[in-house]
Every structure is written in structure tokens, then in C-alpha cells.
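> Sharing a structure with you now.
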Amino acid sequence: MNKIERGSGRALLLIHGLGGSWRSWGTMLAPLSASRKVIAIDLPGHGATPSEADSGTFDGLVGSVERFIASAGLAGVDVVGSSMGARIVLELARRGVVGNVVALDPGGFWRGWERAFFRITIGASGRLLRAIRSSLPALSRNAALRTALLAQLSARPWALDGQMVATELEGLSTTPTFDALVHNLATGPEQTGPAAAITGRIVIGWGRHDRLCLPRQAARAQAAFPTAKLHWFEGSGHFPMWDAPADTAAVILDATQQAAEAPKA
């Protein structure tokens with residue numbers, strides 16, 4: 001599995017969302033690596049990591065990450081996930097694989113019409129980006145066009161860095177498992193909890209203006225993981241590390257500052 005490492009200290013594993021890569025954490029690498037050894041991976045079928053047979057399913061990706069953690073000697077590692085990656089870290093918490101957990105706007109808690117809303121809107125975005133892939137660098141440099149492209153994902157798309165946006169949209173448009181994952185996520189079972197007793201602190205972060213994983217779903221996530229603390233990112237959309245990077249870094253460092261306690265005998 002392709003990965004990058006920055007900094008030194010206790011390890012902190014970052015898991016991106018659907019269509020992303022380790023580069024999705026660009027705004028977080030400097031503040032987090034100042035005090036932690038940051039490891040950011042490309043999920044199978046994303047970035048520079050090739051697909052595996054089951055990489056078009058949520059369960060397949062969870063299995064791949066779980067094997068990576070075991071093979072890298074990272075059992076009990078602190079983890080941060082975004083969107084689909086946030087759901088992955090919650091599932092790893094349920095399995096007792098990880099330490100402290102920060103889940104930013106996790107998927108998997110939609111119900112009823114919200115499932116169709118997710119499937120139709122994000123699916124249409126994927127098709128559009130594939131159709132205009134060659135123009136994405138130029139479009140991303142224009143604040144008005146950037147706003148149109150990212151209206152569902154950011155509360156302030158006009159304020160985002162154009163190069164960062166181009167990189168993210170390019171990755172989304174070239175992810176071979178994108179359509180399969182959209183279908184699997186939209187039609188699969190709701191994420192369940194609770195976290196295993198061995199798991200450390202859990203913080204679930206949610207953007208007040210998330211237009212993909214709607215804020216009403218935060219209560220379901222907290223109900224599934226009752227030991228979790230819910231943190232609202234005011235003025236943020238689906239990606240707090242884009243819209244509120246300083247607040248996001250502070251939340252992550254605070255939630256993961258202490259090693260998770262070993263289970264009592």
C-alpha cells in the first residue's frame with residue numbers, strides 16, 4: 001500500500017475518503033507532523049495503490065487497511081479518517097484494531113431518501129469530472145468555477161487553493177473503483193458500533209454545512225458509538241481539513257495526545 005511519512009514520535013495514521021489519496025491531507029501534514037509521526041496511505045484503487053479484487057467494496061477496503069496495520073506493526077495506532085475513511089476508522093474501532101480515533105464527517109449513517117441522495121449526487125459528480133478531466137487544472141484556478149464544482153463538498157470553495165482542488169478532483173476522476181464504491185456504500189448496511197473496549201478516545205467531527213453526509217446523520221453516528229465525543233465544525237462543509245484546517249488539526253492533536261490504555265485484565 002502506497003504511503004508517505006512525515007515527522008517523528010508516536011504514529012498517527014491518516015485515511016482519506018472516496019476518490020482521494022494521501023494528498024487529501026495536504027493542509028494537515030505540517031501541523032500534525034510537528035509532534036507526531038504521520039503516516040498517510042493511498043487506499044487500494046486510489047492514488048498510487050493498485051486495486052485488489054475486493055477494492056470496490058467497503059468491507060474490502062477495511063480488510064486491506066486492517067492487514068496493512070498488522071503487517072506494519074501498527075496495532076493500536078491512532079487513526080484519523082475523512083468521509084469514507086472516517087467510516088473505515090470507526091469500523092476499525094469496532095473491531096478493536098486501533099487506539100484513539102478521529103472520524104471526520106463519516107459516511108455510512110444515511111437512511112431512506114438520503115441513500116439515493118448520496119448515490120445520485122456523488123455519482124453525477126464523478127461522471128462530470130471524468131468528462132472534463134483534461135480541463136480540471138484550468139477550471140480549478142477560477143474561483144467561480146471552483147465554487148460550482150465543489151458546492152456540495154466545501155462551505156467556502158472560492159477560498160480554497162486552486163492547485164489543491166485540481167489535485168483532489170483529478171484523483172476523484174481517475175479512481176477506477178469509484179462507481180463500484182458509490183453503489184456499495186449507498187446500498188450496503190448502515191455502519192454499526194459500538195467501539196471495542198480496547199479502543200481509546202473517539203471524536204466524531206461534523207461540518208455544520210455538510211451537503212453530502214447531512215448533519216442530521218451525526219446523531220446516528222454518536223448513537224452507534226456512544227463513547228464518542230461529537231465536535232461540530234462551524235462554517236465547514238464535508239471536509240473540515242479544507243474549510244477549517246487550524247481547528248481540525250487542533251481537534252486531532254487533542255483527541256490523540258495520549259496513548260490509548262491497554263485493556264484491563
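A note on labels: chains of the C-alpha cells are A, B, ... as shown, every chain counts residues from 1, and ligands are counted from 1 in their shown order.
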Residues near stretch 186-194 of chain A, anyone? I mean within 7 Å using only C-alpha atoms, not counting same-chain ones fewer than 6 positions away, as number ranges by chain.
A: 94, 108-109, 115, 118-119, 224-226
> May I have the residues from that selection written out with C-alpha atoms, as a compact mmCIF listing (two decimals), in the first residue's frame?

```txt
# COMPACT_ATOMS: atom_id res chain seq x y z
CA ARG A 94 -15.49 -1.56 16.40
CA GLY A 108 -22.50 5.06 6.45
CA PHE A 109 -25.22 6.70 8.54
CA ARG A 115 -29.10 6.92 0.37
CA PHE A 118 -25.78 10.31 -1.82
CA ARG A 119 -25.72 7.88 -4.75
CA ALA A 224 -23.81 3.87 17.30
CA PHE A 225 -20.63 4.89 19.14
CA PRO A 226 -21.94 6.20 22.48
```
> Find the residues around A:Asp254 up to 12 Å (only C-alpha atoms counted), leave out those fewer than 3 positions away in its own chain, and share them as a ChimeraX atom specification.
/A:32,35,78,100-102,201-203,231,247-251,257-259
> For A:Val89, find every residue with an atom within 7 Å (counting only C-alpha atoms), except residues of its own chain fewer than 6 positions away, and show them as a ChimeraX atom specification.
/A:79-81,101,103
> Just the helix (DSSP H, G or I) stuff from stretch 41-242 of chain A, please, per backbone DSSP, written as JSON, numbers by chain.
{"A": [58, 59, 60, 61, 62, 63, 64, 65, 66, 67, 68, 69, 70, 71, 84, 85, 86, 87, 88, 89, 90, 91, 92, 93, 94, 95, 113, 114, 115, 116, 117, 118, 119, 120, 121, 122, 123, 124, 125, 126, 127, 128, 129, 130, 131, 133, 134, 135, 136, 137, 138, 139, 140, 141, 143, 144, 145, 146, 147, 148, 149, 157, 158, 159, 162, 163, 164, 165, 166, 167, 168, 169, 170, 171, 172, 173, 174, 178, 179, 180, 181, 182, 183, 184, 185, 186, 187, 215, 216, 217, 218, 219, 220, 221, 222, 223, 224, 240, 241, 242]}
> Figure out the distance between atom CA of A:His183 and atom CA of A:Gly123, please, to one decimal in Å.
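Interatomic distance here is 8.7 Å.
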> Would you mind listing, for every residue of stretch 19-133 of chain A within 10 Å of stretch 237-242 of chain A, the two atoms forming the shortest contact and the distance between them in Å to one decimal, using only C-alpha atoms, sorted by chain and ascending residue number, as CSV?

```
residue,atom,partner,partner_atom,distance
A:Ser24,CA,A:Met241,CA,8.7
A:Trp25,CA,A:Met241,CA,7.3
A:Gly26,CA,A:Met241,CA,8.7
A:Thr27,CA,A:Met241,CA,6.5
A:Met28,CA,A:Met241,CA,6.8
A:Ser82,CA,A:Phe239,CA,7.3
A:Ser83,CA,A:His238,CA,7.6
A:Leu104,CA,A:Pro240,CA,7.3
A:Asp105,CA,A:His238,CA,6.2
A:Pro106,CA,A:His238,CA,9.2
```
> Atoms to include: all heavy atoms. Write the selected residues as a tab-separated table (two decimals), in the first residue's frame.

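Once everything was written out, this is out-v8.tsv:
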```tsv
chain	number	residue	atom	x	y	z
A	24	SER	N	-4.89	14.28	-0.01
A	24	SER	CA	-6.08	14.91	0.56
A	24	SER	C	-5.79	15.55	1.91
A	24	SER	O	-6.55	16.40	2.38
A	24	SER	CB	-7.20	13.87	0.72
A	24	SER	OG	-7.55	13.28	-0.51
A	25	TRP	N	-4.70	15.12	2.55
A	25	TRP	CA	-4.33	15.63	3.87
A	25	TRP	C	-3.29	16.74	3.79
A	25	TRP	O	-2.64	17.06	4.79
A	25	TRP	CB	-3.79	14.49	4.72
A	25	TRP	CG	-4.78	13.39	4.94
A	25	TRP	CD1	-4.83	12.19	4.30
A	25	TRP	CD2	-5.87	13.40	5.85
A	25	TRP	NE1	-5.89	11.44	4.77
A	25	TRP	CE2	-6.55	12.16	5.72
A	25	TRP	CE3	-6.34	14.34	6.78
A	25	TRP	CZ2	-7.68	11.84	6.47
A	25	TRP	CZ3	-7.47	14.02	7.53
A	25	TRP	CH2	-8.13	12.79	7.37
A	26	GLY	N	-3.15	17.35	2.62
A	26	GLY	CA	-2.11	18.36	2.44
A	26	GLY	C	-2.11	19.47	3.48
A	26	GLY	O	-1.04	19.92	3.91
A	27	THR	N	-3.28	19.92	3.90
A	27	THR	CA	-3.35	21.01	4.88
A	27	THR	C	-3.02	20.55	6.29
A	27	THR	O	-2.81	21.38	7.18
A	27	THR	CB	-4.75	21.65	4.89
A	27	THR	OG1	-5.72	20.64	5.22
A	27	THR	CG2	-5.10	22.26	3.54
A	28	MET	N	-3.00	19.24	6.51
A	28	MET	CA	-2.80	18.69	7.86
A	28	MET	C	-1.38	18.21	8.12
A	28	MET	O	-0.98	18.05	9.27
A	28	MET	CB	-3.75	17.50	8.08
A	28	MET	CG	-5.23	17.83	8.09
A	28	MET	SD	-5.74	18.78	9.56
A	28	MET	CE	-5.76	20.44	8.88
A	82	SER	N	-11.35	10.56	6.96
A	82	SER	CA	-12.22	11.56	6.37
A	82	SER	C	-13.24	10.89	5.48
A	82	SER	O	-12.88	10.05	4.64
A	82	SER	CB	-11.39	12.56	5.54
A	82	SER	OG	-12.22	13.40	4.76
A	83	SER	N	-14.53	11.20	5.65
A	83	SER	CA	-15.60	10.71	4.79
A	83	SER	C	-15.64	9.19	4.80
A	83	SER	O	-15.86	8.59	5.85
A	83	SER	CB	-15.42	11.30	3.38
A	83	SER	OG	-16.54	11.06	2.58
A	104	LEU	N	-13.92	12.22	10.68
A	104	LEU	CA	-14.41	13.50	10.15
A	104	LEU	C	-15.50	13.26	9.11
A	104	LEU	O	-15.23	12.73	8.04
A	104	LEU	CB	-13.24	14.28	9.53
A	104	LEU	CG	-12.05	14.56	10.46
A	104	LEU	CD1	-10.91	15.17	9.66
A	104	LEU	CD2	-12.45	15.47	11.61
A	105	ASP	N	-16.72	13.62	9.45
A	105	ASP	CA	-17.87	13.50	8.54
A	105	ASP	C	-17.97	12.10	7.93
A	105	ASP	O	-17.91	11.93	6.72
A	105	ASP	CB	-17.81	14.57	7.45
A	105	ASP	CG	-17.93	15.97	8.00
A	105	ASP	OD1	-16.95	16.48	8.60
A	105	ASP	OD2	-19.00	16.58	7.86
A	106	PRO	N	-18.12	11.09	8.78
A	106	PRO	CA	-18.15	9.72	8.27
A	106	PRO	C	-19.39	9.40	7.45
A	106	PRO	O	-20.49	9.85	7.75
A	106	PRO	CB	-18.11	8.87	9.54
A	106	PRO	CG	-18.73	9.75	10.58
A	106	PRO	CD	-18.28	11.14	10.24
```
> I need the residue nearest A:Ile69 from this list: A:Ala11, A:Ser135, A:Gly171, A:Gly20. Use only C-alpha atoms for the distance.
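Result for the nearest residue to A:Ile69: A:Ala11.
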> From stretch 33-169 of chain A, collect each residue whose DSSP state is strand (DSSP E) and return the set as a PyMOL selection string.
chain A and resi 37-41+78-82+101-104
> Could you dump the residues just selected with N, CA, C and O atoms as an mmCIF file, in the first residue's frame?

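As written to disk, result12.cif reads:
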```cif
data_model
loop_
_atom_site.group_PDB
_atom_site.id
_atom_site.type_symbol
_atom_site.label_atom_id
_atom_site.label_comp_id
_atom_site.auth_asym_id
_atom_site.auth_seq_id
_atom_site.Cartn_x
_atom_site.Cartn_y
_atom_site.Cartn_z
ATOM 1 N N LYS A 37 4.588 11.244 14.275
ATOM 2 C CA LYS A 37 4.983 10.587 13.034
ATOM 3 C C LYS A 37 3.718 10.312 12.253
ATOM 4 O O LYS A 37 2.919 9.455 12.617
ATOM 5 N N VAL A 38 3.517 11.050 11.186
ATOM 6 C CA VAL A 38 2.295 10.958 10.395
ATOM 7 C C VAL A 38 2.505 9.975 9.250
ATOM 8 O O VAL A 38 3.476 10.094 8.485
ATOM 9 N N ILE A 39 1.593 9.023 9.133
ATOM 10 C CA ILE A 39 1.598 8.068 8.032
ATOM 11 C C ILE A 39 0.281 8.246 7.286
ATOM 12 O O ILE A 39 -0.789 8.060 7.864
ATOM 13 N N ALA A 40 0.359 8.618 6.024
ATOM 14 C CA ALA A 40 -0.838 8.798 5.206
ATOM 15 C C ALA A 40 -0.777 7.808 4.048
ATOM 16 O O ALA A 40 0.221 7.752 3.334
ATOM 17 N N ILE A 41 -1.830 7.033 3.883
ATOM 18 C CA ILE A 41 -1.840 5.967 2.884
ATOM 19 C C ILE A 41 -2.736 6.316 1.698
ATOM 20 O O ILE A 41 -3.597 7.190 1.786
ATOM 21 N N ASP A 78 -3.123 5.285 16.570
ATOM 22 C CA ASP A 78 -4.133 6.338 16.488
ATOM 23 C C ASP A 78 -4.467 6.583 15.020
ATOM 24 O O ASP A 78 -3.565 6.595 14.177
ATOM 25 N N VAL A 79 -5.738 6.799 14.726
ATOM 26 C CA VAL A 79 -6.163 6.929 13.339
ATOM 27 C C VAL A 79 -7.081 8.129 13.159
ATOM 28 O O VAL A 79 -7.860 8.481 14.050
ATOM 29 N N VAL A 80 -6.986 8.731 11.983
ATOM 30 C CA VAL A 80 -7.868 9.822 11.578
ATOM 31 C C VAL A 80 -8.403 9.475 10.200
ATOM 32 O O VAL A 80 -7.628 9.093 9.313
ATOM 33 N N GLY A 81 -9.696 9.591 10.002
ATOM 34 C CA GLY A 81 -10.286 9.311 8.709
ATOM 35 C C GLY A 81 -11.201 10.428 8.261
ATOM 36 O O GLY A 81 -11.768 11.160 9.092
ATOM 37 N N SER A 82 -11.346 10.561 6.956
ATOM 38 C CA SER A 82 -12.222 11.565 6.371
ATOM 39 C C SER A 82 -13.243 10.886 5.477
ATOM 40 O O SER A 82 -12.876 10.049 4.637
ATOM 41 N N VAL A 101 -9.257 7.610 18.009
ATOM 42 C CA VAL A 101 -9.912 7.694 16.707
ATOM 43 C C VAL A 101 -10.516 9.086 16.502
ATOM 44 O O VAL A 101 -11.202 9.605 17.394
ATOM 45 N N VAL A 102 -10.260 9.673 15.337
ATOM 46 C CA VAL A 102 -10.957 10.891 14.914
ATOM 47 C C VAL A 102 -11.606 10.590 13.572
ATOM 48 O O VAL A 102 -10.926 10.249 12.602
ATOM 49 N N ALA A 103 -12.912 10.704 13.511
ATOM 50 C CA ALA A 103 -13.687 10.424 12.299
ATOM 51 C C ALA A 103 -14.341 11.715 11.832
ATOM 52 O O ALA A 103 -15.221 12.250 12.516
ATOM 53 N N LEU A 104 -13.921 12.222 10.676
ATOM 54 C CA LEU A 104 -14.406 13.497 10.152
ATOM 55 C C LEU A 104 -15.497 13.259 9.114
ATOM 56 O O LEU A 104 -15.230 12.729 8.037
#
```
> Restricting the calculation to only C-alpha atoms, which member of A:Gln217, A:Thr174, A:Ser71, A:Ser140 is positioned closest to A:Trp158?
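Under the stated criterion, the closest residue is A:Ser140.
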> Restricting the calculation to only C-alpha atoms, which member of A:Gly45, A:Gly107, A:Gly200, A:Gly126 is positioned closest to A:Leu214?
A:Gly107
> I'd like to know which of A:Leu150, A:Ala196, A:Leu128, A:Val62 is closest to A:Met84, using only C-alpha atoms.
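Answer, going by the shortest atom-to-atom distance: A:Val62.
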> State, in Å with one decimal place, the distance from atom CA of A:Glu5 to atom CA of A:Leu43.
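So the two atoms, atom CA of A:Glu5 and atom CA of A:Leu43, lie 15.0 Å apart.
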> Could you pull the residues within 10 Å of A:Ser154, counting only C-alpha atoms, minus those fewer than 5 positions along the same chain, as a VMD selection string?
chain A and resid 147 149 159 to 160 207 209 to 212 235 to 240 242 to 243
> Would you save the residues of that selection, restricted to N, CA and C atoms, as a CSV table (one decimal), in the first residue's frame?

```csv
chain,number,residue,atom,x,y,z
A,147,THR,N,-16.1,27.1,-7.2
A,147,THR,CA,-17.3,27.1,-6.3
A,147,THR,C,-18.4,26.3,-6.9
A,149,LEU,N,-18.0,23.6,-8.9
A,149,LEU,CA,-17.6,22.2,-8.8
A,149,LEU,C,-17.6,21.6,-7.4
A,159,ALA,N,-12.5,30.0,-1.6
A,159,ALA,CA,-11.3,30.4,-0.8
A,159,ALA,C,-10.2,29.3,-0.8
A,160,LEU,N,-10.5,28.1,-1.4
A,160,LEU,CA,-9.6,27.0,-1.4
A,160,LEU,C,-8.4,27.2,-2.4
A,207,GLY,N,-19.1,18.8,9.9
A,207,GLY,CA,-19.2,20.2,9.4
A,207,GLY,C,-20.7,20.6,9.4
A,209,HIS,N,-22.2,22.5,7.7
A,209,HIS,CA,-22.8,22.8,6.4
A,209,HIS,C,-22.4,21.6,5.4
A,210,ASP,N,-22.3,20.4,5.9
A,210,ASP,CA,-22.0,19.3,5.1
A,210,ASP,C,-23.2,19.0,4.2
A,211,ARG,N,-23.1,19.0,2.9
A,211,ARG,CA,-24.2,18.8,2.0
A,211,ARG,C,-24.1,17.4,1.3
A,212,LEU,N,-23.2,16.5,1.8
A,212,LEU,CA,-23.1,15.2,1.3
A,212,LEU,C,-23.5,14.2,2.4
A,235,GLY,N,-19.1,26.6,10.2
A,235,GLY,CA,-18.7,27.2,9.0
A,235,GLY,C,-18.0,26.2,8.0
A,236,SER,N,-18.1,24.9,8.3
A,236,SER,CA,-17.4,24.0,7.5
A,236,SER,C,-18.3,23.1,6.7
A,237,GLY,N,-17.9,22.6,5.6
A,237,GLY,CA,-18.6,21.6,4.8
A,237,GLY,C,-18.2,20.2,5.1
A,238,HIS,N,-18.2,19.4,4.0
A,238,HIS,CA,-17.9,17.9,4.2
A,238,HIS,C,-16.4,17.7,4.6
A,239,PHE,N,-15.5,18.6,4.3
A,239,PHE,CA,-14.1,18.4,4.5
A,239,PHE,C,-13.6,19.4,5.5
A,240,PRO,N,-13.6,19.3,6.8
A,240,PRO,CA,-13.1,20.3,7.7
A,240,PRO,C,-11.6,20.6,7.5
A,242,TRP,N,-10.3,21.1,4.8
A,242,TRP,CA,-10.2,22.2,3.8
A,242,TRP,C,-10.8,23.5,4.4
A,243,ASP,N,-11.9,23.5,5.0
A,243,ASP,CA,-12.6,24.7,5.4
A,243,ASP,C,-12.2,25.2,6.7
```
